[in-house]
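Data block for work22.cif (mmCIF, N, CA and C atoms and all ligand atoms):
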data_structure
#
loop_
_atom_site.label_atom_id
_atom_site.label_comp_id
_atom_site.auth_asym_id
_atom_site.auth_seq_id
_atom_site.Cartn_x
_atom_site.Cartn_y
_atom_site.Cartn_z
N MET A 1 -6.42 -178.60 -121.68
CA MET A 1 -7.00 -179.30 -122.82
C MET A 1 -7.03 -180.79 -122.52
N LEU A 2 -8.11 -181.41 -122.94
CA LEU A 2 -8.24 -182.83 -122.71
C LEU A 2 -7.28 -183.59 -123.63
N LEU A 3 -6.67 -184.62 -123.08
CA LEU A 3 -5.74 -185.41 -123.89
C LEU A 3 -6.43 -186.02 -125.10
N GLY A 4 -7.72 -186.39 -124.94
CA GLY A 4 -8.47 -186.96 -126.06
C GLY A 4 -8.55 -186.01 -127.24
N THR A 5 -8.68 -184.71 -126.95
CA THR A 5 -8.73 -183.72 -128.02
C THR A 5 -7.42 -183.67 -128.77
N ILE A 6 -6.31 -183.72 -128.03
CA ILE A 6 -4.99 -183.68 -128.67
C ILE A 6 -4.81 -184.91 -129.56
N TRP A 7 -5.21 -186.07 -129.07
CA TRP A 7 -5.06 -187.29 -129.89
C TRP A 7 -5.91 -187.22 -131.14
N ARG A 8 -7.10 -186.63 -131.04
CA ARG A 8 -7.96 -186.48 -132.23
C ARG A 8 -7.28 -185.57 -133.24
N ILE A 9 -6.67 -184.48 -132.77
CA ILE A 9 -5.97 -183.57 -133.67
C ILE A 9 -4.78 -184.27 -134.31
N MET A 10 -4.09 -185.08 -133.51
CA MET A 10 -2.93 -185.79 -134.06
C MET A 10 -3.37 -186.79 -135.13
N ASP A 11 -4.53 -187.41 -134.96
CA ASP A 11 -5.04 -188.29 -136.00
C ASP A 11 -5.24 -187.52 -137.29
N GLN A 12 -5.80 -186.32 -137.16
CA GLN A 12 -6.04 -185.50 -138.34
C GLN A 12 -4.73 -185.06 -138.99
N ALA A 13 -3.69 -184.87 -138.21
CA ALA A 13 -2.41 -184.38 -138.72
C ALA A 13 -1.47 -185.51 -139.08
N ASN A 14 -1.99 -186.71 -139.23
CA ASN A 14 -1.19 -187.88 -139.53
C ASN A 14 -0.20 -188.15 -138.40
N LYS A 15 -0.68 -188.85 -137.38
CA LYS A 15 0.12 -189.06 -136.19
C LYS A 15 1.40 -189.86 -136.46
N ALA A 16 1.52 -190.46 -137.63
CA ALA A 16 2.76 -191.14 -137.97
C ALA A 16 3.88 -190.12 -138.18
N ASP A 17 3.53 -188.88 -138.54
CA ASP A 17 4.54 -187.86 -138.80
C ASP A 17 4.77 -186.96 -137.59
N PHE A 18 3.70 -186.58 -136.88
CA PHE A 18 3.82 -185.61 -135.81
C PHE A 18 3.98 -186.29 -134.46
N GLU A 19 4.81 -185.68 -133.61
CA GLU A 19 5.03 -186.17 -132.24
C GLU A 19 4.45 -185.13 -131.28
N LEU A 20 3.79 -185.58 -130.23
CA LEU A 20 3.27 -184.68 -129.23
C LEU A 20 4.42 -184.12 -128.40
N GLU A 21 4.51 -182.79 -128.31
CA GLU A 21 5.59 -182.15 -127.55
C GLU A 21 5.40 -182.35 -126.06
N TYR A 22 6.46 -182.73 -125.38
CA TYR A 22 6.45 -182.79 -123.92
C TYR A 22 7.82 -182.33 -123.45
N TYR A 23 7.84 -181.59 -122.34
CA TYR A 23 9.06 -180.91 -121.93
C TYR A 23 9.98 -181.76 -121.07
N GLU A 24 9.48 -182.90 -120.62
CA GLU A 24 10.33 -183.76 -119.78
C GLU A 24 11.51 -184.34 -120.56
N LYS A 25 11.43 -184.33 -121.89
CA LYS A 25 12.53 -184.90 -122.68
C LYS A 25 13.74 -183.96 -122.74
N TYR A 26 13.55 -182.69 -122.35
CA TYR A 26 14.66 -181.74 -122.36
C TYR A 26 15.36 -181.76 -121.02
N PHE A 27 16.66 -181.87 -121.06
CA PHE A 27 17.44 -181.94 -119.82
C PHE A 27 18.77 -181.24 -120.05
N GLY A 28 19.48 -180.94 -118.95
CA GLY A 28 20.77 -180.27 -119.05
C GLY A 28 20.61 -178.78 -118.89
N GLY A 29 21.65 -178.06 -119.15
CA GLY A 29 21.66 -176.62 -118.99
C GLY A 29 21.01 -175.91 -120.16
N GLU A 30 20.97 -174.58 -120.08
CA GLU A 30 20.32 -173.77 -121.09
C GLU A 30 20.89 -174.02 -122.49
N GLU A 31 22.20 -174.04 -122.61
CA GLU A 31 22.83 -174.22 -123.92
C GLU A 31 22.51 -175.59 -124.51
N LYS A 32 22.47 -176.62 -123.67
CA LYS A 32 22.15 -177.96 -124.14
C LYS A 32 20.72 -178.03 -124.66
N VAL A 33 19.77 -177.43 -123.92
CA VAL A 33 18.37 -177.44 -124.34
C VAL A 33 18.19 -176.63 -125.62
N LYS A 34 18.84 -175.47 -125.72
CA LYS A 34 18.75 -174.67 -126.95
C LYS A 34 19.29 -175.45 -128.14
N ASP A 35 20.36 -176.20 -127.92
CA ASP A 35 20.93 -177.02 -128.99
C ASP A 35 19.94 -178.09 -129.45
N ILE A 36 19.28 -178.76 -128.50
CA ILE A 36 18.30 -179.81 -128.84
C ILE A 36 17.14 -179.22 -129.64
N VAL A 37 16.66 -178.04 -129.21
CA VAL A 37 15.48 -177.44 -129.83
C VAL A 37 15.80 -176.84 -131.19
N GLU A 38 16.95 -176.15 -131.32
CA GLU A 38 17.20 -175.31 -132.48
C GLU A 38 18.06 -175.95 -133.56
N ASN A 39 18.82 -176.99 -133.24
CA ASN A 39 19.80 -177.48 -134.20
C ASN A 39 19.55 -178.92 -134.63
N CYS A 40 19.93 -179.21 -135.84
CA CYS A 40 19.81 -180.55 -136.41
C CYS A 40 20.71 -181.52 -135.63
N PRO A 41 20.15 -182.66 -135.16
CA PRO A 41 20.97 -183.61 -134.42
C PRO A 41 21.95 -184.37 -135.31
N HIS A 42 21.76 -184.28 -136.61
CA HIS A 42 22.61 -185.01 -137.55
C HIS A 42 23.87 -184.22 -137.92
N CYS A 43 23.68 -182.92 -138.27
CA CYS A 43 24.83 -182.13 -138.73
C CYS A 43 25.10 -180.89 -137.87
N GLY A 44 24.19 -180.52 -136.96
CA GLY A 44 24.40 -179.37 -136.08
C GLY A 44 23.98 -178.04 -136.67
N SER A 45 23.49 -178.00 -137.89
CA SER A 45 23.04 -176.74 -138.50
C SER A 45 21.74 -176.27 -137.87
N LYS A 46 21.47 -174.98 -137.99
CA LYS A 46 20.22 -174.42 -137.48
C LYS A 46 19.04 -174.95 -138.28
N PHE A 47 17.96 -175.34 -137.56
CA PHE A 47 16.74 -175.75 -138.22
C PHE A 47 16.04 -174.54 -138.82
N PHE A 48 15.26 -174.77 -139.88
CA PHE A 48 14.33 -173.79 -140.43
C PHE A 48 12.94 -174.20 -139.92
N PHE A 49 12.27 -173.28 -139.20
CA PHE A 49 10.99 -173.61 -138.56
C PHE A 49 9.81 -173.02 -139.32
N THR A 50 8.73 -173.79 -139.37
CA THR A 50 7.43 -173.27 -139.79
C THR A 50 6.41 -173.67 -138.73
N HIS A 51 5.42 -172.79 -138.51
CA HIS A 51 4.40 -173.04 -137.50
C HIS A 51 3.02 -172.84 -138.10
N SER A 52 2.13 -173.72 -137.74
CA SER A 52 0.74 -173.63 -138.17
C SER A 52 -0.13 -173.66 -136.92
N CYS A 53 -0.87 -172.56 -136.68
CA CYS A 53 -1.68 -172.46 -135.46
C CYS A 53 -3.10 -172.92 -135.72
N ASP A 54 -3.62 -173.71 -134.80
CA ASP A 54 -5.02 -174.14 -134.82
C ASP A 54 -5.65 -173.57 -133.56
N TYR A 55 -6.17 -172.34 -133.67
CA TYR A 55 -6.69 -171.65 -132.49
C TYR A 55 -7.95 -172.29 -131.94
N GLY A 56 -8.73 -172.93 -132.80
CA GLY A 56 -9.94 -173.59 -132.35
C GLY A 56 -9.66 -174.71 -131.37
N ASN A 57 -8.57 -175.43 -131.60
CA ASN A 57 -8.19 -176.55 -130.72
C ASN A 57 -7.02 -176.22 -129.82
N LEU A 58 -6.52 -174.98 -129.88
CA LEU A 58 -5.43 -174.49 -129.04
C LEU A 58 -4.16 -175.34 -129.17
N VAL A 59 -3.75 -175.61 -130.41
CA VAL A 59 -2.51 -176.32 -130.65
C VAL A 59 -1.72 -175.61 -131.76
N VAL A 60 -0.39 -175.84 -131.74
CA VAL A 60 0.50 -175.36 -132.79
C VAL A 60 1.23 -176.56 -133.37
N LYS A 61 1.23 -176.65 -134.69
CA LYS A 61 1.98 -177.68 -135.38
C LYS A 61 3.28 -177.05 -135.87
N GLU A 62 4.41 -177.60 -135.40
CA GLU A 62 5.73 -177.06 -135.74
C GLU A 62 6.48 -178.05 -136.59
N THR A 63 7.05 -177.55 -137.67
CA THR A 63 7.91 -178.37 -138.52
C THR A 63 9.30 -177.76 -138.54
N ALA A 64 10.30 -178.54 -138.14
CA ALA A 64 11.70 -178.10 -138.16
C ALA A 64 12.41 -178.87 -139.27
N THR A 65 13.00 -178.11 -140.19
CA THR A 65 13.63 -178.72 -141.36
C THR A 65 15.11 -178.36 -141.40
N CYS A 66 15.95 -179.34 -141.66
CA CYS A 66 17.38 -179.08 -141.88
C CYS A 66 17.59 -178.92 -143.38
N THR A 67 18.17 -177.78 -143.75
CA THR A 67 18.41 -177.53 -145.17
C THR A 67 19.84 -177.88 -145.56
N GLN A 68 20.63 -178.36 -144.62
CA GLN A 68 22.05 -178.62 -144.89
C GLN A 68 22.40 -180.09 -145.06
N CYS A 69 21.48 -180.99 -144.65
CA CYS A 69 21.77 -182.41 -144.78
C CYS A 69 20.47 -183.16 -145.08
N ASN A 70 20.52 -184.45 -145.10
CA ASN A 70 19.33 -185.24 -145.45
C ASN A 70 18.57 -185.71 -144.21
N TYR A 71 18.67 -184.97 -143.08
CA TYR A 71 17.96 -185.33 -141.86
C TYR A 71 16.45 -185.36 -142.08
N GLY A 72 15.97 -184.45 -142.90
CA GLY A 72 14.53 -184.38 -143.14
C GLY A 72 13.86 -183.41 -142.20
N GLN A 73 12.73 -183.81 -141.60
CA GLN A 73 11.96 -182.90 -140.77
C GLN A 73 11.65 -183.52 -139.42
N ARG A 74 11.56 -182.64 -138.42
CA ARG A 74 11.04 -183.02 -137.10
C ARG A 74 9.71 -182.30 -136.94
N LYS A 75 8.63 -183.05 -136.69
CA LYS A 75 7.30 -182.45 -136.62
C LYS A 75 6.74 -182.64 -135.22
N LEU A 76 6.31 -181.52 -134.61
CA LEU A 76 5.79 -181.54 -133.24
C LEU A 76 4.44 -180.85 -133.16
N ILE A 77 3.59 -181.33 -132.28
CA ILE A 77 2.34 -180.65 -131.94
C ILE A 77 2.45 -180.20 -130.49
N SER A 78 2.24 -178.87 -130.26
CA SER A 78 2.32 -178.31 -128.91
C SER A 78 0.96 -177.75 -128.51
N SER A 79 0.59 -177.96 -127.25
CA SER A 79 -0.62 -177.40 -126.72
C SER A 79 -0.39 -175.94 -126.34
N LEU A 80 -1.38 -175.08 -126.57
CA LEU A 80 -1.27 -173.67 -126.24
C LEU A 80 -1.73 -173.36 -124.82
N ASN A 81 -2.24 -174.34 -124.11
CA ASN A 81 -2.68 -174.05 -122.74
C ASN A 81 -2.04 -175.00 -121.76
ZN ZN B 1 21.26 -181.46 -140.73
#
For this file, write the structure as structure tokens.
Amino acid sequence: MLLGTIWRIMDQANKADFELEYYEKYFGGEEKVKDIVENCPHCGSKFFFTHSCDYGNLVVKETATCTQCNYGQRKLISSLN
């Protein structure tokens, strides 16, 4: 997918809220990466995930919400290709 297409989608999804997913930010062993992806960095509780697929543009919008503290939400856009 062209990077320009992803940026256009991010504009539509309010790029102030959503971050483009990239895997270079994950480091360490399996347990460390699972912790970064699945758990709230503020309190350590499991995130509640919702996903919205945009098949036309081959992207998924993911929202991770902590229901145990006031961390709020982490919003990511991932490319499907
Ligand atoms: Zn939390």
Using DSSP assignments from the backbone, pull out every residue in segment 4-70 of chain A that falls under alpha helix (DSSP H) and give it to me as a short mmCIF file (atom, residue, chain, number, x, y, z; two decimals) with N, CA and C atoms, in the coordinates of the input.
data_model
loop_
_atom_site.label_atom_id
_atom_site.label_comp_id
_atom_site.auth_asym_id
_atom_site.auth_seq_id
_atom_site.Cartn_x
_atom_site.Cartn_y
_atom_site.Cartn_z
N GLY A 4 -7.72 -186.39 -124.94
CA GLY A 4 -8.47 -186.96 -126.06
C GLY A 4 -8.55 -186.01 -127.24
N THR A 5 -8.68 -184.71 -126.95
CA THR A 5 -8.73 -183.72 -128.02
C THR A 5 -7.42 -183.67 -128.77
N ILE A 6 -6.31 -183.72 -128.03
CA ILE A 6 -4.99 -183.68 -128.67
C ILE A 6 -4.81 -184.91 -129.56
N TRP A 7 -5.21 -186.07 -129.07
CA TRP A 7 -5.06 -187.29 -129.89
C TRP A 7 -5.91 -187.22 -131.14
N ARG A 8 -7.10 -186.63 -131.04
CA ARG A 8 -7.96 -186.48 -132.23
C ARG A 8 -7.28 -185.57 -133.24
N ILE A 9 -6.67 -184.48 -132.77
CA ILE A 9 -5.97 -183.57 -133.67
C ILE A 9 -4.78 -184.27 -134.31
N MET A 10 -4.09 -185.08 -133.51
CA MET A 10 -2.93 -185.79 -134.06
C MET A 10 -3.37 -186.79 -135.13
N ASP A 11 -4.53 -187.41 -134.96
CA ASP A 11 -5.04 -188.29 -136.00
C ASP A 11 -5.24 -187.52 -137.29
N GLN A 12 -5.80 -186.32 -137.16
CA GLN A 12 -6.04 -185.50 -138.34
C GLN A 12 -4.73 -185.06 -138.99
N GLU A 30 20.97 -174.58 -120.08
CA GLU A 30 20.32 -173.77 -121.09
C GLU A 30 20.89 -174.02 -122.49
N GLU A 31 22.20 -174.04 -122.61
CA GLU A 31 22.83 -174.22 -123.92
C GLU A 31 22.51 -175.59 -124.51
N LYS A 32 22.47 -176.62 -123.67
CA LYS A 32 22.15 -177.96 -124.14
C LYS A 32 20.72 -178.03 -124.66
N VAL A 33 19.77 -177.43 -123.92
CA VAL A 33 18.37 -177.44 -124.34
C VAL A 33 18.19 -176.63 -125.62
N LYS A 34 18.84 -175.47 -125.72
CA LYS A 34 18.75 -174.67 -126.95
C LYS A 34 19.29 -175.45 -128.14
N ASP A 35 20.36 -176.20 -127.92
CA ASP A 35 20.93 -177.02 -128.99
C ASP A 35 19.94 -178.09 -129.45
N ILE A 36 19.28 -178.76 -128.50
CA ILE A 36 18.30 -179.81 -128.84
C ILE A 36 17.14 -179.22 -129.64
N VAL A 37 16.66 -178.04 -129.21
CA VAL A 37 15.48 -177.44 -129.83
C VAL A 37 15.80 -176.84 -131.19
N GLU A 38 16.95 -176.15 -131.32
CA GLU A 38 17.20 -175.31 -132.48
C GLU A 38 18.06 -175.95 -133.56
#
### Query
Which value, in Å to one decimal, gives the distance between atom CA of His51 of chain A and atom CA of Thr63 of chain A?
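Taking atom CA of His51 of chain A and atom CA of Thr63 of chain A, their separation equals 6.5 Å.
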### Query
If you run DSSP on this backbone, which residues of segment 5-79 of chain A come out as strand (DSSP E), and could you give them as a VMD selection string?
chain A and resid 18 to 20 48 to 54 59 to 65 73 to 79
### Query
When distances are computed from only C-alpha atoms and all ligand atoms, which of A:Asn57, A:Ser79, A:Gln73, A:Gln68 shows the smallest separation from ligand ZN 1 (chain B)?
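With only C-alpha atoms and all ligand atoms as the atom set, the closest residue is A:Gln68.
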### Two-atom distance - atom N of Ser45 of chain A, atom C of Thr65 of chain A (Å)
9.1 Å
Skipping near chain neighbours, those fewer than 5 positions away, what residues fall within 7 Å of Ser52 of chain A using only N, CA and C atoms, listed as a CSV table (one decimal) with N, CA and C atoms, in the frame of the given file?
chain,number,residue,atom,x,y,z
A,59,VAL,N,-3.8,-175.6,-130.4
A,59,VAL,CA,-2.5,-176.3,-130.6
A,59,VAL,C,-1.7,-175.6,-131.8
A,60,VAL,N,-0.4,-175.8,-131.7
A,60,VAL,CA,0.5,-175.4,-132.8
A,60,VAL,C,1.2,-176.6,-133.4
A,61,LYS,N,1.2,-176.6,-134.7
A,61,LYS,CA,2.0,-177.7,-135.4
A,61,LYS,C,3.3,-177.0,-135.9
A,62,GLU,N,4.4,-177.6,-135.4
A,62,GLU,CA,5.7,-177.1,-135.7
A,62,GLU,C,6.5,-178.0,-136.6
A,63,THR,N,7.0,-177.6,-137.7
A,63,THR,CA,7.9,-178.4,-138.5
A,63,THR,C,9.3,-177.8,-138.5
Hey, which residues sit close to ligand ZN 1 (chain B)? Say within 7 Å, counting all atoms listed in the file, and write them as a compact mmCIF listing (two decimals) with N, CA and C atoms, in the frame of the given file.
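Written output follows (part-v5.txt):
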# COMPACT_ATOMS: atom_id res chain seq x y z
N ASN A 39 18.82 -176.99 -133.24
CA ASN A 39 19.80 -177.48 -134.20
C ASN A 39 19.55 -178.92 -134.63
N CYS A 40 19.93 -179.21 -135.84
CA CYS A 40 19.81 -180.55 -136.41
C CYS A 40 20.71 -181.52 -135.63
N PRO A 41 20.15 -182.66 -135.16
CA PRO A 41 20.97 -183.61 -134.42
C PRO A 41 21.95 -184.37 -135.31
N HIS A 42 21.76 -184.28 -136.61
CA HIS A 42 22.61 -185.01 -137.55
C HIS A 42 23.87 -184.22 -137.92
N CYS A 43 23.68 -182.92 -138.27
CA CYS A 43 24.83 -182.13 -138.73
C CYS A 43 25.10 -180.89 -137.87
N GLY A 44 24.19 -180.52 -136.96
CA GLY A 44 24.40 -179.37 -136.08
C GLY A 44 23.98 -178.04 -136.67
N SER A 45 23.49 -178.00 -137.89
CA SER A 45 23.04 -176.74 -138.50
C SER A 45 21.74 -176.27 -137.87
N THR A 65 13.00 -178.11 -140.19
CA THR A 65 13.63 -178.72 -141.36
C THR A 65 15.11 -178.36 -141.40
N CYS A 66 15.95 -179.34 -141.66
CA CYS A 66 17.38 -179.08 -141.88
C CYS A 66 17.59 -178.92 -143.38
N THR A 67 18.17 -177.78 -143.75
CA THR A 67 18.41 -177.53 -145.17
C THR A 67 19.84 -177.88 -145.56
N GLN A 68 20.63 -178.36 -144.62
CA GLN A 68 22.05 -178.62 -144.89
C GLN A 68 22.40 -180.09 -145.06
N CYS A 69 21.48 -180.99 -144.65
CA CYS A 69 21.77 -182.41 -144.78
C CYS A 69 20.47 -183.16 -145.08
N ASN A 70 20.52 -184.45 -145.10
CA ASN A 70 19.33 -185.24 -145.45
C ASN A 70 18.57 -185.71 -144.21
N TYR A 71 18.67 -184.97 -143.08
CA TYR A 71 17.96 -185.33 -141.86
C TYR A 71 16.45 -185.36 -142.08
N GLY A 72 15.97 -184.45 -142.90
CA GLY A 72 14.53 -184.38 -143.14
C GLY A 72 13.86 -183.41 -142.20
### Task
Please provide as a list in words all residues within 9 Å of Glu19 of chain A, with the sequence filter that same-chain residues fewer than 6 positions apart are discarded (counting only C-alpha atoms).
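Those residues are Met10, Arg74, Lys75, Leu76, Ile77 and Ser78 of chain A.
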### Task
Figure out the distance between atom CA of Thr50 of chain A and atom N of Phe27 of chain A, please, to one decimal in Å.
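Here the two named atoms are 22.6 Å from each other.
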### Residue nearest Ala64 of chain A among A:Glu21, A:Asp35, A:Leu80, A:Lys46 (counting all atoms listed in the file)
A:Lys46
